[in-house]
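Engineer: What follows is a structure written as structure tokens; I'll ask about it next.
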Amino acid sequence: QVQLVESGGGLVQAGGSLRLSCAASGRTSSTNVMGWFRQDPGKEREFVASIPQTGLIPYYADSVKDRFTISRDNAKNTMYLQMSSLRPEDTAEYYCAASLLHITTFDYANSAYYDYWGQGTQVTVSS
């Protein structure tokens, strides 16, 4: 089992920045890809960004590319999402996720490929 706990959400004005953290515990050595998803009430969960265990070649949704940066510190079992130039449409509950899969055909944007999820942290961007 892997437990994930997000933190760092809050209320910020448009154009501002926030850094989300996701602390992992349990069988963290078994995890491969970790990612961030977000969900607004009434909408489907949306892929934001993901990063493999090596930390190389992160993937981003087009809507956040060049504004958000994903990173991970395996020694601290923590993943981060640095969010800049925030927009009102970034408002959502943000969830971190971890996958145990080690396959070359991993679909980074597909939530079904992730095995563990955190409880979420709310990000609200005011205009």
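Letters for chains follow the order of the structure tokens (A, B, ...), residue numbers begin at 1 for each chain, and ligand numbers begin at 1 in the order shown.
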For A:Thr31, work out the shell of residues within 8 Å, counting only C-alpha atoms and skipping chain neighbours fewer than 2 positions away, then give it as a PyMOL selection string.

Structural biologist: chain A and resi 27-29+33-34+53+98-101

Engineer: Restricting it to all heavy atoms, dump the selection as an mmCIF file, in the first residue's frame.

Structural biologist:
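Saved file again_22.cif follows:
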```cif
data_model
loop_
_atom_site.group_PDB
_atom_site.id
_atom_site.type_symbol
_atom_site.label_atom_id
_atom_site.label_comp_id
_atom_site.auth_asym_id
_atom_site.auth_seq_id
_atom_site.Cartn_x
_atom_site.Cartn_y
_atom_site.Cartn_z
ATOM 1 N N ARG A 27 4.801 1.636 0.659
ATOM 2 C CA ARG A 27 5.657 0.955 -0.319
ATOM 3 C C ARG A 27 6.120 1.908 -1.419
ATOM 4 O O ARG A 27 5.929 1.674 -2.605
ATOM 5 C CB ARG A 27 4.917 -0.211 -0.942
ATOM 6 C CG ARG A 27 4.623 -1.365 -0.004
ATOM 7 C CD ARG A 27 3.860 -2.462 -0.739
ATOM 8 N NE ARG A 27 4.537 -2.878 -1.963
ATOM 9 C CZ ARG A 27 3.965 -3.576 -2.937
ATOM 10 N NH1 ARG A 27 2.697 -3.906 -2.845
ATOM 11 N NH2 ARG A 27 4.643 -3.928 -4.005
ATOM 12 N N THR A 28 6.742 2.976 -1.027
ATOM 13 C CA THR A 28 7.114 4.005 -2.003
ATOM 14 C C THR A 28 8.164 3.522 -2.987
ATOM 15 O O THR A 28 8.236 4.016 -4.106
ATOM 16 C CB THR A 28 7.620 5.257 -1.281
ATOM 17 O OG1 THR A 28 8.719 4.889 -0.445
ATOM 18 C CG2 THR A 28 6.516 5.873 -0.424
ATOM 19 N N SER A 29 8.984 2.555 -2.614
ATOM 20 C CA SER A 29 10.023 2.067 -3.524
ATOM 21 C C SER A 29 9.431 1.343 -4.715
ATOM 22 O O SER A 29 10.089 1.141 -5.725
ATOM 23 C CB SER A 29 10.970 1.134 -2.775
ATOM 24 O OG SER A 29 10.271 0.017 -2.259
ATOM 25 N N VAL A 33 5.536 5.901 -11.965
ATOM 26 C CA VAL A 33 5.054 7.219 -12.352
ATOM 27 C C VAL A 33 4.190 7.819 -11.247
ATOM 28 O O VAL A 33 3.395 7.135 -10.604
ATOM 29 C CB VAL A 33 4.229 7.121 -13.648
ATOM 30 C CG1 VAL A 33 3.653 8.483 -14.025
ATOM 31 C CG2 VAL A 33 5.089 6.584 -14.785
ATOM 32 N N MET A 34 4.387 9.102 -11.015
ATOM 33 C CA MET A 34 3.497 9.868 -10.150
ATOM 34 C C MET A 34 2.937 11.033 -10.955
ATOM 35 O O MET A 34 3.569 11.517 -11.897
ATOM 36 C CB MET A 34 4.232 10.381 -8.916
ATOM 37 C CG MET A 34 4.722 9.271 -8.002
ATOM 38 S SD MET A 34 5.438 9.892 -6.470
ATOM 39 C CE MET A 34 3.962 10.436 -5.595
ATOM 40 N N GLN A 53 9.722 7.786 -12.246
ATOM 41 C CA GLN A 53 10.554 7.632 -11.065
ATOM 42 C C GLN A 53 11.927 8.273 -11.247
ATOM 43 O O GLN A 53 12.500 8.824 -10.317
ATOM 44 C CB GLN A 53 10.720 6.151 -10.730
ATOM 45 C CG GLN A 53 11.399 5.886 -9.398
ATOM 46 C CD GLN A 53 11.499 4.406 -9.118
ATOM 47 O OE1 GLN A 53 11.903 3.634 -9.978
ATOM 48 N NE2 GLN A 53 11.122 4.013 -7.919
ATOM 49 N N ALA A 98 -0.211 7.836 -7.793
ATOM 50 C CA ALA A 98 1.009 7.048 -7.974
ATOM 51 C C ALA A 98 0.664 5.729 -8.640
ATOM 52 O O ALA A 98 -0.385 5.137 -8.365
ATOM 53 C CB ALA A 98 1.684 6.794 -6.629
ATOM 54 N N SER A 99 1.561 5.285 -9.508
ATOM 55 C CA SER A 99 1.351 4.029 -10.213
ATOM 56 C C SER A 99 2.463 3.046 -9.890
ATOM 57 O O SER A 99 3.630 3.440 -9.745
ATOM 58 C CB SER A 99 1.311 4.280 -11.713
ATOM 59 O OG SER A 99 1.227 3.061 -12.415
ATOM 60 N N LEU A 100 2.095 1.771 -9.804
ATOM 61 C CA LEU A 100 3.070 0.700 -9.599
ATOM 62 C C LEU A 100 3.516 0.092 -10.925
ATOM 63 O O LEU A 100 4.418 -0.735 -10.949
ATOM 64 C CB LEU A 100 2.471 -0.394 -8.717
ATOM 65 C CG LEU A 100 1.971 0.029 -7.347
ATOM 66 C CD1 LEU A 100 1.407 -1.173 -6.598
ATOM 67 C CD2 LEU A 100 3.087 0.675 -6.538
ATOM 68 N N LEU A 101 2.893 0.519 -12.012
ATOM 69 C CA LEU A 101 3.181 -0.086 -13.304
ATOM 70 C C LEU A 101 4.561 0.322 -13.819
ATOM 71 O O LEU A 101 4.956 1.489 -13.725
ATOM 72 C CB LEU A 101 2.121 0.330 -14.326
ATOM 73 C CG LEU A 101 0.708 -0.204 -14.087
ATOM 74 C CD1 LEU A 101 -0.249 0.383 -15.109
ATOM 75 C CD2 LEU A 101 0.699 -1.716 -14.140
#
```

Engineer: Leaving out A:Gln39 and any residue of its chain fewer than 2 positions from it, which residues lie within 8 Å of it when counting only C-alpha atoms, given as a list in words?

Structural biologist: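 Non-adjacent residues within range: Phe37, Pro41, Lys43, Glu44, Arg45, Glu46, Ala92, Glu93 and Tyr94 of chain A.
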
Engineer: Got a sec: who's within 9 Å of A:Phe68, counting only C-alpha atoms, leaving out chain neighbours fewer than 3 positions off, as a PyMOL selection string?

Structural biologist: chain A and resi 48-49+60+64-65+81-86

Engineer: Can those selected residues be exported to a file as a CSV table (one decimal), in the first residue's frame so that it contains N, CA and C atoms?

Structural biologist:
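Result file is part-v1.csv:
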```csv
chain,number,residue,atom,x,y,z
A,48,VAL,N,-3.1,16.7,-15.3
A,48,VAL,CA,-2.3,17.9,-15.2
A,48,VAL,C,-0.9,17.7,-15.6
A,49,ALA,N,-0.2,16.8,-14.9
A,49,ALA,CA,1.2,16.5,-15.2
A,49,ALA,C,1.6,15.2,-14.6
A,60,TYR,N,3.0,17.1,-19.5
A,60,TYR,CA,2.1,18.1,-19.1
A,60,TYR,C,0.9,18.2,-20.0
A,64,VAL,N,-1.5,23.6,-19.1
A,64,VAL,CA,-0.7,24.0,-18.1
A,64,VAL,C,0.8,24.1,-18.5
A,65,LYS,N,1.1,23.7,-19.7
A,65,LYS,CA,2.5,23.7,-20.2
A,65,LYS,C,3.0,25.1,-20.1
A,81,LEU,N,4.3,20.3,-7.4
A,81,LEU,CA,3.8,20.9,-8.5
A,81,LEU,C,3.9,22.4,-8.3
A,82,GLN,N,4.8,23.0,-9.0
A,82,GLN,CA,5.0,24.5,-8.9
A,82,GLN,C,4.0,25.1,-10.0
A,83,MET,N,3.1,25.9,-9.5
A,83,MET,CA,2.1,26.5,-10.4
A,83,MET,C,2.3,28.0,-10.4
A,84,SER,N,2.5,28.5,-11.6
A,84,SER,CA,2.7,30.0,-11.8
A,84,SER,C,1.7,30.5,-12.8
A,85,SER,N,1.6,31.8,-12.9
A,85,SER,CA,0.7,32.5,-13.8
A,85,SER,C,-0.7,31.8,-13.7
A,86,LEU,N,-1.2,31.6,-12.5
A,86,LEU,CA,-2.4,30.9,-12.3
A,86,LEU,C,-3.6,31.7,-12.9
```

Engineer: Determine, for each residue of stretch 19-121 of chain A having at least one atom at most 6 Å from an atom of stretch 5-12 of chain A, the closest pair of atoms and their separation in Å to one decimal, counting only C-alpha atoms; order by chain and ascending number, as CSV.

Structural biologist:
```
residue,atom,partner,partner_atom,distance
A:Arg19,CA,A:Gly8,CA,5.9
A:Leu20,CA,A:Gly8,CA,4.5
A:Ser21,CA,A:Ser7,CA,5.2
A:Cys22,CA,A:Glu6,CA,4.4
A:Ala23,CA,A:Val5,CA,5.2
A:Gly118,CA,A:Val5,CA,5.3
A:Gly120,CA,A:Glu6,CA,6.0
A:Thr121,CA,A:Gly9,CA,5.3
```

Engineer: Go ahead and save the picked residues with all heavy atoms, as an mmCIF file, in the first residue's frame.

Structural biologist:
```
data_model
loop_
_atom_site.group_PDB
_atom_site.id
_atom_site.type_symbol
_atom_site.label_atom_id
_atom_site.label_comp_id
_atom_site.auth_asym_id
_atom_site.auth_seq_id
_atom_site.Cartn_x
_atom_site.Cartn_y
_atom_site.Cartn_z
ATOM 1 N N ARG A 19 2.662 26.321 -4.685
ATOM 2 C CA ARG A 19 3.384 25.063 -4.827
ATOM 3 C C ARG A 19 2.665 23.981 -4.037
ATOM 4 O O ARG A 19 2.499 24.106 -2.817
ATOM 5 C CB ARG A 19 4.828 25.158 -4.356
ATOM 6 C CG ARG A 19 5.622 23.905 -4.715
ATOM 7 C CD ARG A 19 7.088 23.978 -4.362
ATOM 8 N NE ARG A 19 7.346 23.672 -2.960
ATOM 9 C CZ ARG A 19 8.507 23.200 -2.500
ATOM 10 N NH1 ARG A 19 9.504 22.986 -3.341
ATOM 11 N NH2 ARG A 19 8.675 22.960 -1.221
ATOM 12 N N LEU A 20 2.241 22.955 -4.739
ATOM 13 C CA LEU A 20 1.610 21.809 -4.113
ATOM 14 C C LEU A 20 2.665 20.753 -3.802
ATOM 15 O O LEU A 20 3.629 20.589 -4.555
ATOM 16 C CB LEU A 20 0.541 21.208 -5.021
ATOM 17 C CG LEU A 20 -0.564 22.147 -5.515
ATOM 18 C CD1 LEU A 20 -1.579 21.352 -6.328
ATOM 19 C CD2 LEU A 20 -1.222 22.881 -4.375
ATOM 20 N N SER A 21 2.448 20.037 -2.718
ATOM 21 C CA SER A 21 3.314 18.929 -2.353
ATOM 22 C C SER A 21 2.475 17.672 -2.195
ATOM 23 O O SER A 21 1.306 17.732 -1.817
ATOM 24 C CB SER A 21 4.040 19.215 -1.036
ATOM 25 O OG SER A 21 4.867 20.348 -1.142
ATOM 26 N N CYS A 22 3.094 16.535 -2.465
ATOM 27 C CA CYS A 22 2.443 15.242 -2.278
ATOM 28 C C CYS A 22 3.437 14.346 -1.558
ATOM 29 O O CYS A 22 4.456 13.947 -2.143
ATOM 30 C CB CYS A 22 2.040 14.645 -3.612
ATOM 31 S SG CYS A 22 1.417 12.953 -3.492
ATOM 32 N N ALA A 23 3.150 14.055 -0.300
ATOM 33 C CA ALA A 23 4.030 13.214 0.502
ATOM 34 C C ALA A 23 3.555 11.775 0.427
ATOM 35 O O ALA A 23 2.379 11.487 0.693
ATOM 36 C CB ALA A 23 4.042 13.695 1.947
ATOM 37 N N GLY A 118 -4.382 10.496 -3.515
ATOM 38 C CA GLY A 118 -4.519 11.265 -2.295
ATOM 39 C C GLY A 118 -5.949 11.777 -2.143
ATOM 40 O O GLY A 118 -6.804 11.521 -2.997
ATOM 41 N N GLY A 120 -6.790 14.996 -1.962
ATOM 42 C CA GLY A 120 -6.976 16.234 -2.704
ATOM 43 C C GLY A 120 -6.688 17.470 -1.883
ATOM 44 O O GLY A 120 -6.782 17.472 -0.660
ATOM 45 N N THR A 121 -6.330 18.539 -2.579
ATOM 46 C CA THR A 121 -6.142 19.846 -1.966
ATOM 47 C C THR A 121 -6.762 20.888 -2.898
ATOM 48 O O THR A 121 -6.572 20.831 -4.111
ATOM 49 C CB THR A 121 -4.645 20.139 -1.694
ATOM 50 O OG1 THR A 121 -4.517 21.373 -0.997
ATOM 51 C CG2 THR A 121 -3.828 20.204 -2.976
#
```

Engineer: Using only C-alpha atoms, can you tell me which of A:Glu89, A:Ser127, A:Asp73, A:Phe106 comes closest to A:Asp40?

Structural biologist: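 Comparing A:Glu89, A:Ser127, A:Asp73, A:Phe106 against A:Asp40, the winner is A:Glu89.
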
Engineer: Return the single residue from A:Ala109, A:Cys96, A:Val123, A:Leu18 that is closest to A:Thr69, with distances computed using only C-alpha atoms.

Structural biologist: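 For A:Thr69, the nearest of the candidates is A:Leu18.
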
Engineer: Taking the DSSP secondary structure from the backbone, can you list the residues of stretch 14-89 of chain A that are strand (DSSP E), as number ranges by chain?

Structural biologist: A: 18-26, 34-39, 46-51, 59-60, 68-73, 78-83

Engineer: Can you tell me which residues surround A:Ile103 at a distance of at most 12 Å, considering only C-alpha atoms, apart from same-chain residues fewer than 6 positions away, and format the answer as a PyMOL selection string?

Structural biologist: chain A and resi 32-33+52+113

Engineer: Could the residues in this selection be written to a file with C-alpha atoms, as a PDB file, in the first residue's frame?

Structural biologist:
```pdb
ATOM      1  CA  ASN A  32       7.000   4.390 -10.799  1.00  0.00           C
ATOM      2  CA  VAL A  33       5.054   7.219 -12.352  1.00  0.00           C
ATOM      3  CA  PRO A  52       8.486   8.995 -13.922  1.00  0.00           C
ATOM      4  CA  TYR A 113      -3.201   3.611 -14.937  1.00  0.00           C
TER       5      TYR A 113
END
```
